[in-house]
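Q: I'm passing along coords_34.cif; it holds mmCIF, C-alpha atoms and all ligand atoms.
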```cif
data_run
#
loop_
_atom_site.label_atom_id
_atom_site.label_comp_id
_atom_site.auth_asym_id
_atom_site.auth_seq_id
_atom_site.Cartn_x
_atom_site.Cartn_y
_atom_site.Cartn_z
CA MET A 217 0.00 0.00 0.00
CA ALA A 218 1.13 3.51 -0.76
CA VAL A 219 2.32 6.18 1.66
CA PRO A 220 0.52 9.51 0.97
CA GLN A 221 2.55 12.63 0.15
CA PRO A 222 2.74 15.28 2.88
CA GLU A 223 0.97 18.57 2.18
CA PRO A 224 3.54 21.40 1.85
CA ARG A 225 2.95 22.84 5.34
CA ILE A 226 3.46 19.40 6.83
CA ALA A 227 6.65 18.81 4.84
CA ARG A 228 7.90 22.23 6.01
CA PHE A 229 7.08 21.39 9.60
CA GLU A 230 9.08 18.17 9.45
CA LYS A 231 12.13 20.16 8.36
CA LEU A 232 11.86 22.40 11.41
CA ALA A 233 12.88 19.27 13.33
CA TYR A 234 13.64 20.79 16.71
CA GLY A 235 11.67 23.33 18.71
CA ILE A 236 11.45 24.96 22.12
CA PHE A 237 8.30 24.53 24.20
CA ILE A 238 7.73 27.31 26.74
CA HIS A 239 5.40 26.78 29.70
CA TRP A 240 4.96 30.10 31.39
CA GLY A 241 2.01 31.60 33.19
CA LEU A 242 0.63 32.47 36.64
CA TYR A 243 1.67 29.05 37.95
CA SER A 244 5.31 30.07 37.40
CA LEU A 245 4.91 32.35 40.44
CA LEU A 246 4.33 29.27 42.62
CA GLY A 247 7.28 27.27 41.28
CA GLN A 248 5.45 23.97 41.70
CA GLY A 249 4.70 23.01 38.13
CA GLU A 250 1.83 24.04 35.88
CA TRP A 251 -0.76 21.78 37.50
CA ALA A 252 -0.34 23.33 41.00
CA GLN A 253 -3.78 24.94 41.13
CA PHE A 254 -5.52 21.63 40.50
CA ILE A 255 -3.24 19.25 42.37
CA LYS A 256 -2.88 21.42 45.49
CA LYS A 257 -6.62 22.24 45.36
CA ILE A 258 -5.92 25.98 45.53
CA PRO A 259 -9.30 27.79 45.62
CA LYS A 260 -9.86 29.62 42.37
CA ALA A 261 -10.34 33.03 44.01
CA GLU A 262 -7.02 32.62 45.79
CA TYR A 263 -5.17 31.39 42.70
CA MET A 264 -6.51 34.28 40.65
CA LYS A 265 -4.74 36.71 42.97
CA LEU A 266 -1.46 35.58 41.41
CA LYS A 267 -2.43 37.85 38.54
CA ASP A 268 -1.71 40.86 40.76
CA ARG A 269 1.90 39.71 41.08
CA PHE A 270 2.49 38.84 37.43
CA THR A 271 4.92 41.50 36.19
CA ALA A 272 6.72 39.67 33.34
CA GLU A 273 9.52 42.14 33.98
CA GLU A 274 12.25 39.85 32.70
CA PHE A 275 10.41 38.48 29.69
CA ASP A 276 12.25 39.36 26.52
CA GLY A 277 10.76 37.83 23.38
CA ARG A 278 13.90 38.34 21.37
CA GLU A 279 16.19 36.87 24.03
CA THR A 280 13.91 33.84 24.34
CA ALA A 281 14.04 33.32 20.58
CA ARG A 282 17.80 33.83 20.58
CA ILE A 283 18.22 31.03 23.11
CA ALA A 284 16.17 28.78 20.82
CA ARG A 285 18.23 29.74 17.78
CA ARG A 286 21.51 29.09 19.57
CA ALA A 287 20.15 25.73 20.62
CA GLY A 288 19.70 24.85 16.95
CA MET A 289 15.93 25.03 17.24
CA LYS A 290 13.79 26.35 14.40
CA TYR A 291 10.44 26.89 16.09
CA ALA A 292 8.97 27.89 19.42
CA VAL A 293 5.67 26.95 21.05
CA LEU A 294 4.45 29.28 23.80
CA THR A 295 1.61 28.52 26.24
CA THR A 296 -0.62 31.42 25.23
CA ARG A 297 -3.19 30.01 27.66
CA HIS A 298 -2.74 26.97 29.91
CA HIS A 299 -5.29 24.99 31.93
CA ASP A 300 -5.52 27.73 34.60
CA GLY A 301 -7.26 29.84 31.96
CA PHE A 302 -4.96 32.87 32.20
CA SER A 303 -4.01 34.28 28.78
CA LEU A 304 -0.64 35.76 27.91
CA TYR A 305 -2.37 37.56 25.01
CA ASP A 306 -4.84 40.39 24.91
CA THR A 307 -8.23 38.67 25.01
CA CYS A 308 -9.75 41.88 23.59
CA GLY A 309 -12.58 41.91 26.06
CA LEU A 310 -13.42 38.18 26.23
CA ASN A 311 -12.38 38.51 29.89
CA ASP A 312 -9.83 40.41 31.95
CA TYR A 313 -7.91 37.33 33.07
CA ASP A 314 -5.00 38.13 30.79
CA ALA A 315 -1.51 39.63 30.85
CA VAL A 316 -2.78 43.01 29.69
CA HIS A 317 -4.86 43.32 32.88
CA SER A 318 -2.01 42.21 35.15
CA PRO A 319 0.83 44.44 36.37
CA ALA A 320 2.71 43.30 33.24
CA GLY A 321 0.23 45.39 31.21
CA ARG A 322 1.59 44.01 27.93
CA ASP A 323 0.53 41.57 25.25
CA LEU A 324 3.23 38.96 25.82
CA VAL A 325 2.22 36.89 22.82
CA ALA A 326 2.84 39.92 20.60
CA GLU A 327 6.31 40.28 22.14
CA PHE A 328 7.00 36.58 21.69
CA VAL A 329 6.01 36.67 18.01
CA GLU A 330 8.07 39.79 17.40
CA GLY A 331 11.14 38.24 19.06
CA CYS A 332 10.75 35.05 17.03
CA ARG A 333 10.57 36.98 13.77
CA GLN A 334 13.73 38.90 14.64
CA GLU A 335 15.64 35.67 15.26
CA GLY A 336 14.21 33.62 12.39
CA ILE A 337 12.27 31.29 14.68
CA ILE A 338 8.76 30.21 13.65
CA PRO A 339 6.21 31.02 16.39
CA PHE A 340 3.55 28.47 17.36
CA PHE A 341 0.79 28.91 19.91
CA TYR A 342 -0.01 26.33 22.54
CA HIS A 343 -3.62 26.78 23.67
CA THR A 344 -5.42 24.81 26.32
CA THR A 345 -8.83 23.37 25.64
CA LEU A 346 -9.32 22.26 29.27
CA ASP A 347 -10.12 25.29 31.43
CA TRP A 348 -10.19 25.57 35.24
CA TYR A 349 -11.16 29.24 35.15
CA GLN A 350 -14.01 29.58 32.69
CA GLU A 351 -17.16 28.38 34.45
CA SER A 352 -18.87 27.46 31.21
CA PHE A 353 -16.34 24.66 30.82
CA GLU A 354 -18.32 22.68 33.39
CA GLN A 355 -21.70 24.39 33.17
CA ASP A 356 -22.40 25.19 29.53
CA PHE A 357 -19.98 23.38 27.31
CA ASP A 358 -21.32 24.78 24.04
CA ALA A 359 -20.87 28.32 25.35
CA TYR A 360 -17.36 27.34 26.43
CA LEU A 361 -16.53 26.02 22.96
CA GLU A 362 -17.62 29.30 21.44
CA TYR A 363 -15.41 31.19 23.93
CA LEU A 364 -12.54 28.91 23.01
CA ARG A 365 -13.18 29.42 19.29
CA GLN A 366 -13.26 33.20 19.72
CA SER A 367 -10.04 33.07 21.73
CA VAL A 368 -8.35 31.12 18.97
CA GLU A 369 -9.72 33.46 16.34
CA LEU A 370 -7.94 36.32 18.13
CA LEU A 371 -4.70 34.38 17.98
CA CYS A 372 -5.23 33.73 14.28
CA ARG A 373 -6.03 37.33 13.39
CA ASN A 374 -3.85 39.52 15.59
CA TYR A 375 -0.30 38.25 15.20
CA GLY A 376 0.43 37.79 11.50
CA ASP A 377 1.41 34.45 10.03
CA ILE A 378 2.11 31.80 12.62
CA GLY A 379 3.56 28.32 12.33
CA GLY A 380 0.68 26.56 13.99
CA LEU A 381 -1.76 26.04 16.81
CA TRP A 382 -0.97 23.40 19.42
CA PHE A 383 -3.97 22.33 21.47
CA ASP A 384 -3.98 20.38 24.69
CA GLY A 385 -6.79 19.16 26.90
CA ASN A 386 -9.36 17.30 24.80
CA TRP A 387 -8.29 14.22 26.74
CA SER A 388 -9.93 15.82 29.83
CA LYS A 389 -13.41 15.21 28.37
CA ALA A 390 -12.73 12.34 26.05
CA GLU A 391 -16.42 11.62 25.44
CA ALA A 392 -17.48 15.21 24.73
CA ASP A 393 -18.23 16.65 21.30
CA TRP A 394 -15.49 19.24 21.00
CA LYS A 395 -16.85 20.57 17.69
CA GLU A 396 -13.40 20.37 16.23
CA ASP A 397 -14.70 21.16 12.73
CA GLU A 398 -15.59 24.65 13.87
CA LEU A 399 -12.39 25.32 15.75
CA TYR A 400 -10.12 24.03 12.99
CA GLY A 401 -12.30 25.69 10.34
CA THR A 402 -11.60 29.03 12.01
CA ILE A 403 -7.88 28.37 11.83
CA ARG A 404 -7.95 27.28 8.19
CA ARG A 405 -9.90 30.43 7.34
CA TYR A 406 -7.33 32.87 8.77
CA GLN A 407 -4.12 30.83 8.82
CA PRO A 408 -4.30 28.33 5.95
CA GLU A 409 -0.59 27.53 6.24
CA ALA A 410 -0.63 26.88 9.99
CA MET A 411 -0.10 23.41 11.38
CA ILE A 412 -2.91 22.17 13.59
CA ILE A 413 -1.80 19.88 16.38
CA ASN A 414 -3.81 18.54 19.29
CA ASN A 415 -1.96 16.66 22.00
CA THR A 416 -3.38 13.19 22.48
CA GLY A 417 -1.75 13.06 25.94
CA LEU A 418 0.19 10.45 27.85
CA SER A 419 -2.39 7.72 27.37
CA ALA A 420 -2.73 7.87 23.57
CA ARG A 421 0.76 8.61 22.30
CA GLY A 422 1.05 8.65 18.50
CA GLU A 423 -2.66 8.21 17.81
CA ALA A 424 -4.29 10.00 14.89
CA GLY A 425 -7.37 12.15 15.58
CA HIS A 426 -9.57 14.57 13.66
CA PRO A 427 -8.81 14.64 9.89
CA GLU A 428 -7.79 18.32 10.01
CA LEU A 429 -4.91 17.56 12.38
CA ASP A 430 -1.48 17.66 10.78
CA SER A 431 0.70 15.73 13.21
CA VAL A 432 0.52 12.99 15.78
CA THR A 433 1.98 13.74 19.20
CA PHE A 434 4.07 11.86 21.70
CA GLU A 435 4.40 13.16 25.23
CA GLN A 436 7.58 12.20 27.11
CA GLY A 437 9.57 9.00 26.61
CA ARG A 438 10.65 8.03 23.14
CA PRO A 439 8.55 8.14 19.96
CA SER A 440 7.74 4.99 18.00
CA PRO A 441 8.02 4.66 14.22
CA ILE A 442 4.98 5.88 12.29
CA ASP A 443 3.27 3.51 9.90
CA ARG A 444 1.83 5.67 7.13
CA GLU A 445 1.02 2.95 4.63
CA GLY A 446 -2.51 3.28 3.37
CA ALA A 447 -3.16 6.36 5.54
CA GLY A 448 -5.67 8.89 4.19
CA LYS A 449 -3.34 11.78 4.97
CA TYR A 450 0.38 12.08 5.67
CA LEU A 451 0.78 13.16 9.30
CA ALA A 452 3.97 14.55 10.78
CA ALA A 453 5.06 13.33 14.22
CA GLU A 454 6.28 15.34 17.16
CA MET A 455 7.45 14.41 20.62
CA CYS A 456 7.28 16.95 23.42
CA GLN A 457 9.35 16.45 26.52
CA THR A 458 10.31 18.23 29.71
CA MET A 459 13.94 18.95 30.55
CA ASN A 460 13.10 18.15 34.16
CA THR A 461 9.92 16.48 35.43
CA HIS A 462 7.51 19.41 35.13
CA TRP A 463 6.40 21.74 32.33
CA GLY A 464 6.02 24.89 34.42
CA ILE A 465 9.03 25.74 36.60
CA GLY A 466 9.49 23.60 39.73
CA SER A 467 11.76 25.42 42.14
CA LEU A 468 12.51 22.19 44.02
CA ASP A 469 12.92 20.06 40.88
CA PHE A 470 16.60 19.20 40.42
CA LYS A 471 16.20 16.39 37.91
CA TYR A 472 17.40 18.13 34.76
CA MET A 473 18.57 16.71 31.47
CA SER A 474 22.18 17.01 30.47
CA PRO A 475 23.34 18.05 26.98
CA ALA A 476 24.15 14.37 26.34
CA GLU A 477 20.58 13.36 27.13
CA ILE A 478 19.20 16.12 24.93
CA ILE A 479 21.37 14.89 22.05
CA GLY A 480 20.21 11.31 22.64
CA ASN A 481 16.53 12.29 22.70
CA LEU A 482 16.82 14.52 19.66
CA CYS A 483 18.43 11.64 17.75
CA ALA A 484 15.74 9.21 18.94
CA CYS A 485 13.13 11.55 17.45
CA ARG A 486 14.91 12.08 14.16
CA LYS A 487 15.50 8.34 13.88
CA VAL A 488 11.74 7.90 13.35
CA GLY A 489 11.31 11.20 11.50
CA ALA A 490 9.66 12.94 14.46
CA ASN A 491 10.20 16.54 15.54
CA TYR A 492 11.52 17.13 19.03
CA LEU A 493 9.80 19.80 21.11
CA LEU A 494 11.84 20.35 24.25
CA ASN A 495 10.34 22.31 27.11
CA VAL A 496 11.68 25.07 29.31
CA GLY A 497 9.92 26.58 32.31
CA PRO A 498 10.74 30.28 32.64
CA THR A 499 10.80 31.95 36.05
CA ALA A 500 7.82 33.93 37.33
CA SER A 501 9.28 37.08 35.78
CA GLY A 502 9.78 35.40 32.42
CA ARG A 503 13.44 34.46 32.14
CA ILE A 504 14.57 31.03 30.98
CA PRO A 505 16.65 29.68 33.90
CA ASP A 506 20.41 29.72 33.33
CA TYR A 507 20.80 25.96 33.76
CA GLU A 508 18.26 25.33 31.01
CA THR A 509 19.85 27.88 28.71
CA ALA A 510 23.28 26.36 29.32
CA ALA A 511 22.20 22.79 28.56
CA LEU A 512 20.31 23.87 25.43
CA THR A 513 23.19 25.98 24.18
CA ARG A 514 25.71 23.20 24.72
CA ALA A 515 23.52 20.69 22.86
CA GLY A 516 23.17 23.37 20.19
CA ASP A 517 26.91 23.19 19.53
CA TRP A 518 26.40 19.52 18.67
CA VAL A 519 23.37 20.31 16.51
CA ARG A 520 25.40 22.79 14.47
CA LEU A 521 28.00 20.14 13.66
CA HIS A 522 25.24 17.96 12.24
CA GLU A 523 23.03 20.53 10.52
CA LYS A 524 23.40 18.80 7.17
CA VAL A 525 21.34 15.87 8.31
CA LEU A 526 19.33 16.84 11.38
CA TYR A 527 16.69 18.98 9.72
CA GLY A 528 16.32 17.32 6.33
CA GLY A 529 17.37 13.74 7.08
CA LYS A 530 14.64 11.11 6.78
CA PRO A 531 14.35 7.54 7.95
CA CYS A 532 15.25 5.14 5.14
CA SER A 533 15.68 1.48 4.39
CA VAL A 534 19.18 1.39 5.89
CA ALA A 535 19.09 -0.08 9.41
CA GLY A 536 21.72 -0.30 12.12
CA GLN A 537 22.00 -2.49 15.19
CA GLY A 538 21.44 -1.56 18.82
CA GLY A 539 21.40 2.21 19.09
CA ASP A 540 22.87 2.73 15.59
CA PHE A 541 20.64 3.99 12.80
CA ALA A 542 20.73 5.84 9.48
CA LEU A 543 19.04 8.86 7.93
CA GLU A 544 18.95 9.81 4.29
CA THR A 545 19.13 13.19 2.53
CA ASP A 546 19.49 14.06 -1.14
CA ASP A 547 23.27 14.19 -0.58
CA GLY A 548 23.97 10.93 1.17
CA ILE A 549 23.32 8.46 3.93
CA TYR A 550 24.22 9.41 7.48
CA LEU A 551 25.16 6.69 9.95
CA PHE A 552 24.49 7.52 13.61
CA ILE A 553 26.81 5.61 15.92
CA SER A 554 26.24 5.42 19.67
CA ASN A 555 28.24 3.93 22.57
CA LEU A 556 31.55 4.79 21.07
CA ALA A 557 34.78 4.71 23.03
CA ILE A 558 37.32 7.46 23.48
CA SER A 559 40.60 6.39 21.96
CA GLY A 560 43.94 7.48 23.28
CA ASN A 561 45.95 6.24 26.20
CA GLU A 562 44.54 3.49 28.45
CA ASN A 563 45.49 5.51 31.55
CA VAL A 564 43.07 8.29 30.71
CA THR A 565 40.33 6.80 28.53
CA ILE A 566 37.09 5.59 30.03
CA GLY A 567 33.72 4.62 28.69
CA PRO A 568 32.27 2.04 26.34
CA SER A 569 34.65 0.13 24.13
CA GLY A 570 32.56 0.37 21.01
CA ASP A 571 35.45 1.30 18.77
CA GLY A 572 35.37 -1.15 15.81
CA PRO A 573 33.07 -2.46 13.09
CA ARG A 574 29.39 -1.51 13.03
CA ALA A 575 27.00 -3.39 10.78
CA PHE A 576 24.19 -1.88 8.71
CA SER A 577 21.76 -3.58 6.37
CA GLY A 578 19.77 -2.31 3.40
CA LEU A 579 22.54 -0.21 1.84
CA GLN A 580 22.58 -1.29 -1.79
CA ARG A 581 23.88 1.89 -3.43
CA LYS A 582 27.62 1.80 -3.98
CA VAL A 583 29.33 4.03 -1.42
CA SER A 584 32.36 6.01 -2.59
CA SER A 585 33.63 7.38 0.73
CA VAL A 586 32.71 7.71 4.39
CA ARG A 587 33.89 10.29 6.90
CA TRP A 588 32.96 11.59 10.33
CA LEU A 589 30.98 14.81 10.21
CA ASP A 590 32.72 16.25 13.27
CA ASN A 591 36.33 16.04 12.10
CA ASP A 592 36.26 14.89 8.45
CA GLU A 593 38.34 11.81 9.27
CA PRO A 594 37.92 9.29 6.42
CA LEU A 595 36.71 5.88 7.56
CA LEU A 596 37.26 2.34 6.39
CA TYR A 597 34.29 0.26 5.38
CA THR A 598 33.34 -2.85 3.48
CA GLN A 599 30.19 -3.26 1.46
CA ASP A 600 28.31 -5.98 -0.34
CA THR A 601 25.91 -4.19 -2.66
CA ASP A 602 24.01 -7.39 -3.55
CA SER A 603 22.98 -8.18 -0.01
CA GLY A 604 23.00 -4.56 1.18
CA LEU A 605 25.33 -5.41 4.06
CA PHE A 606 27.65 -2.63 5.06
CA ALA A 607 30.29 -2.58 7.79
CA LEU A 608 31.76 0.68 9.01
CA HIS A 609 34.98 0.74 10.95
CA ALA A 610 33.97 3.25 13.61
CA THR A 611 37.02 4.86 15.15
CA GLY A 612 36.74 6.12 18.74
CA PHE A 613 36.56 9.74 19.77
CA PRO A 614 39.94 11.43 19.62
CA TYR A 615 41.03 12.07 23.22
CA GLY A 616 39.67 15.45 24.25
CA SER A 617 36.31 14.91 22.55
CA ASN A 618 33.10 12.95 23.08
CA LEU A 619 30.25 13.57 20.65
CA VAL A 620 27.85 11.22 22.52
CA ILE A 621 26.43 10.15 19.18
CA ARG A 622 28.84 10.31 16.28
CA VAL A 623 27.65 10.70 12.72
CA ALA A 624 29.37 9.44 9.59
CA GLU A 625 28.44 10.66 6.12
CA ALA A 626 28.46 8.06 3.35
CA ASP A 627 28.69 9.57 -0.13
CA PHE A 628 27.90 7.89 -3.42
C1 LIG B 701 -0.02 17.60 29.51
C2 LIG B 701 -0.27 18.50 30.69
C3 LIG B 701 0.23 19.84 30.52
C4 LIG B 701 1.31 20.09 29.55
C5 LIG B 701 1.23 19.23 28.35
C6 LIG B 701 2.40 19.41 27.43
O1 LIG B 701 -1.10 17.35 28.75
O2 LIG B 701 -1.60 18.57 31.08
O3 LIG B 701 0.43 20.45 31.72
O4 LIG B 701 1.12 21.37 29.11
O5 LIG B 701 1.06 17.94 28.70
O6 LIG B 701 2.40 18.52 26.40
#
```
Let me see whether you can do it: turn the structure in this file into structure tokens.

A:
Amino acid sequence: MAVPQPEPRIARFEKLAYGIFIHWGLYSLLGQGEWAQFIKKIPKAEYMKLKDRFTAEEFDGRETARIARRAGMKYAVLTTRHHDGFSLYDTCGLNDYDAVHSPAGRDLVAEFVEGCRQEGIIPFFYHTTLDWYQESFEQDFDAYLEYLRQSVELLCRNYGDIGGLWFDGNWSKAEADWKEDELYGTIRRYQPEAMIINNTGLSARGEAGHPELDSVTFEQGRPSPIDREGAGKYLAAEMCQTMNTHWGIGSLDFKYMSPAEIIGNLCACRKVGANYLLNVGPTASGRIPDYETAALTRAGDWVRLHEKVLYGGKPCSVAGQGGDFALETDDGIYLFISNLAISGNENVTIGPSGDGPRAFSGLQRKVSSVRWLDNDEPLLYTQDTDSGLFALHATGFPYGSNLVIRVAEADF
């Protein structure tokens, strides 16, 4: 059975490959994650008072986008409204539970979009569909859906061209009629090139939904390969993940990812052709914490070394063993090698002893040369084009380096 062709916006989205997810809102003032209001059973009237302390004084849209760019990311997804119902954008009279009516007194979504444009980052809007603030969510669902639709219409009309809308919360009322036709119809009317994504949540990772949706989602963990054979529409795939164990900042959360883990997760996504949406939780005043910036920037140095393949590389018929895998571009095949040793002197080298031959199958095209992307070192290999078997002699990291995952380019 055939695999359908991606529509142009979906093909463009796949090439964005790596994005920053930003969870920021009133909950950031509490420093206990974005679900604090619900989990700690904070009375709504009390929680709403956080608005009076929301100054956003350190939020800088351009600086935020710059951090993403230096990390090698191409798009950014901001929580324009999360489950607490507070909007970072000007709701233009829908209610006054927004940043414009807080001490911040600014439209933070406008600043975010402006900063993204200045840094060449494509802005996307996360928008909750579950709402703990709006009473109609429980009492008059149809009225709520119209409020939601009007909110989204504002986002579609007031900020120029955006990369997409990223919804989250339909899982909270799985049996309800969310009238998705109307919501997505509004988006297609004003933003025909925008991606429409709706998070299926932790319990339904990778599942397709409404036909207007453009991507499947994975939340946390590792994404699985997508089977598109016979599908009615080509869907992109995206995995979102926290750098720690919360989306909104957790001031007592110390379990942060290292640059090596970020590299590993990014590669796991690209291995199956999925985008990687990595989350940061800015402080109450809107600054991405230094430790997050540092880890992202360091991983970004690795991304830059592998630009040739990370954005455009696609899964192909060439398969590796264990953690090894291959991606294909118009220019060549790229072999991703993990668990490699550092070579040098036995008194100072530690780590896995994976230096040596690595086997791949499915490589029938005759290879003319192979070299590491990081240092151009030419590599030995043997190939049997009839069977497609290919063995690469993977040399260890030169002492003084450790790429975590090392990539070899095979040219034809
Ligand atoms: C979950 C959570 C939410 C978070 C989202 C990110 O659905 O409810 O807090 O925003 O995942 O993907």

Q: Around ligand LIG 701 (chain B), out to 8 Å and counting only C-alpha atoms and all ligand atoms, which residues are there? I want them as a ChimeraX atom specification.

A: /A:239,250-251,295,298-299,344,384-385,415-418,435,456-457,462-464

Q: As an exercise, work out the distance from atom CA of A:Asp393 to atom CA of A:Gly425 in Å and give it to one decimal place.

A: 13.1 Å

Q: Would you pick out the contacts of A:Ile337 at 9 Å or less, using only C-alpha atoms, so that residues sharing its chain but fewer than 2 positions from it are not included, and give the list as a PyMOL selection string?

A: chain A and resi 235+281-282+284-285+289-292+329+331-335+339

Q: Within 10 Å of A:Gly548, counting only C-alpha atoms, which residues qualify if same-chain residues fewer than 5 places away don't, as number ranges by chain?

A: A: 524-525, 529, 543, 583, 586, 625-628

Q: Kindly assemble as JSON lines a list of the stretch 225-259 of chain A residues that lie within 10 Å of stretch 426-430 of chain A, each paired with its nearest atom pair and their distance in Å to one decimal, using only C-alpha atoms, sorted first by chain and then by ascending residue number.

A:
```
{"residue": "A:Arg225", "atom": "CA", "partner": "A:Asp430", "partner_atom": "CA", "distance": 8.7}
{"residue": "A:Ile226", "atom": "CA", "partner": "A:Asp430", "partner_atom": "CA", "distance": 6.6}
{"residue": "A:Phe229", "atom": "CA", "partner": "A:Asp430", "partner_atom": "CA", "distance": 9.4}
```

Q: Each residue of stretch 294-356 of chain A lying at most 9 Å from stretch 258-268 of chain A should get a row with its shortest atom-to-atom pair and the distance in Å to one decimal, counting all atoms listed in the file; could you produce that, ordered by chain and increasing number, as a Markdown table?

A:
```
| residue | atom | partner | partner_atom | distance |
| --- | --- | --- | --- | --- |
| A:Asp300 | CA | A:Tyr263 | CA | 8.9 |
| A:Phe302 | CA | A:Lys267 | CA | 8.4 |
| A:Tyr313 | CA | A:Lys267 | CA | 7.8 |
| A:Asp314 | CA | A:Lys267 | CA | 8.2 |
| A:Ala315 | CA | A:Lys267 | CA | 7.9 |
| A:His317 | CA | A:Lys267 | CA | 8.2 |
| A:Ser318 | CA | A:Lys267 | CA | 5.5 |
| A:Pro319 | CA | A:Asp268 | CA | 6.2 |
| A:Trp348 | CA | A:Lys260 | CA | 8.2 |
| A:Tyr349 | CA | A:Lys260 | CA | 7.3 |
```

Q: So how far away is atom CA of A:Thr307 from atom CA of A:Arg503, in Å?

A: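 Between atom CA of A:Arg503 and atom CA of A:Thr307 the gap works out to 23.2 Å.
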
Q: Please list as a short mmCIF file (atom, residue, chain, number, x, y, z; two decimals) with C-alpha atoms, keeping the file's coordinate frame every residue within 10 Å of A:Ile403, counting all atoms listed in the file and excluding residues in the same chain fewer than 2 positions away.

A:
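Dumped to out13.cif:
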```cif
data_model
loop_
_atom_site.label_atom_id
_atom_site.label_comp_id
_atom_site.auth_asym_id
_atom_site.auth_seq_id
_atom_site.Cartn_x
_atom_site.Cartn_y
_atom_site.Cartn_z
CA ARG A 365 -13.18 29.42 19.29
CA VAL A 368 -8.35 31.12 18.97
CA GLU A 369 -9.72 33.46 16.34
CA LEU A 371 -4.70 34.38 17.98
CA CYS A 372 -5.23 33.73 14.28
CA ARG A 373 -6.03 37.33 13.39
CA GLY A 380 0.68 26.56 13.99
CA LEU A 381 -1.76 26.04 16.81
CA ASP A 397 -14.70 21.16 12.73
CA GLU A 398 -15.59 24.65 13.87
CA LEU A 399 -12.39 25.32 15.75
CA TYR A 400 -10.12 24.03 12.99
CA GLY A 401 -12.30 25.69 10.34
CA ARG A 405 -9.90 30.43 7.34
CA TYR A 406 -7.33 32.87 8.77
CA GLN A 407 -4.12 30.83 8.82
CA PRO A 408 -4.30 28.33 5.95
CA GLU A 409 -0.59 27.53 6.24
CA ALA A 410 -0.63 26.88 9.99
CA MET A 411 -0.10 23.41 11.38
CA ILE A 412 -2.91 22.17 13.59
#
```

Q: Taking 5 positions as the minimum chain separation for residues in the same chain, which residues sit within 8 Å of stretch 441-448 of chain A when counting only C-alpha atoms? Answer as a ChimeraX atom specification.

A: /A:217-220,422,453,488-489

Q: Quick one: of A:Ala252, A:Leu596, A:Ala233, A:Ala424, who's nearest to A:Gly466, counting only C-alpha atoms?

A: A:Ala252

Q: How many Å lie between atom CA of A:Asn414 and atom CA of A:Cys532, rounded to one decimal?

A: 27.3 Å

Q: Taking (31.8, 5.2, 20.1) in the file's own coordinates, collect the residues within 6 Å, counting all atoms listed in the file, and hand them back as a PyMOL selection string.

A: chain A and resi 554-557+570-571+612

Q: Deliver the residues from the most recent selection as a file, using C-alpha atoms, as a PDB file, keeping the file's coordinate frame.

A:
```pdb
ATOM      1  CA  SER A 554      26.240   5.420  19.670  1.00  0.00           C
ATOM      2  CA  ASN A 555      28.240   3.930  22.570  1.00  0.00           C
ATOM      3  CA  LEU A 556      31.550   4.790  21.070  1.00  0.00           C
ATOM      4  CA  ALA A 557      34.780   4.710  23.030  1.00  0.00           C
ATOM      5  CA  GLY A 570      32.560   0.370  21.010  1.00  0.00           C
ATOM      6  CA  ASP A 571      35.450   1.300  18.770  1.00  0.00           C
ATOM      7  CA  GLY A 612      36.740   6.120  18.740  1.00  0.00           C
TER       8      GLY A 612
END
```

Q: My list of candidates is A:Leu304, A:Ala320, A:Ala392, A:Leu468. Which is closest to A:Glu273 when distances are computed with all atoms listed in the file?

A: A:Ala320

Q: Fewer than 5 positions away in the same chain doesn't count, so skip those; otherwise give me all residues within 12 Å of A:Asn591, counting all atoms listed in the file, as a list in words.

A: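 Returned residues: Leu521, His522, Val586, Thr611, Gly612, Phe613, Pro614, Ser617, Asn618, Leu619, Arg622, Val623, Ala624 and Glu625 of chain A.
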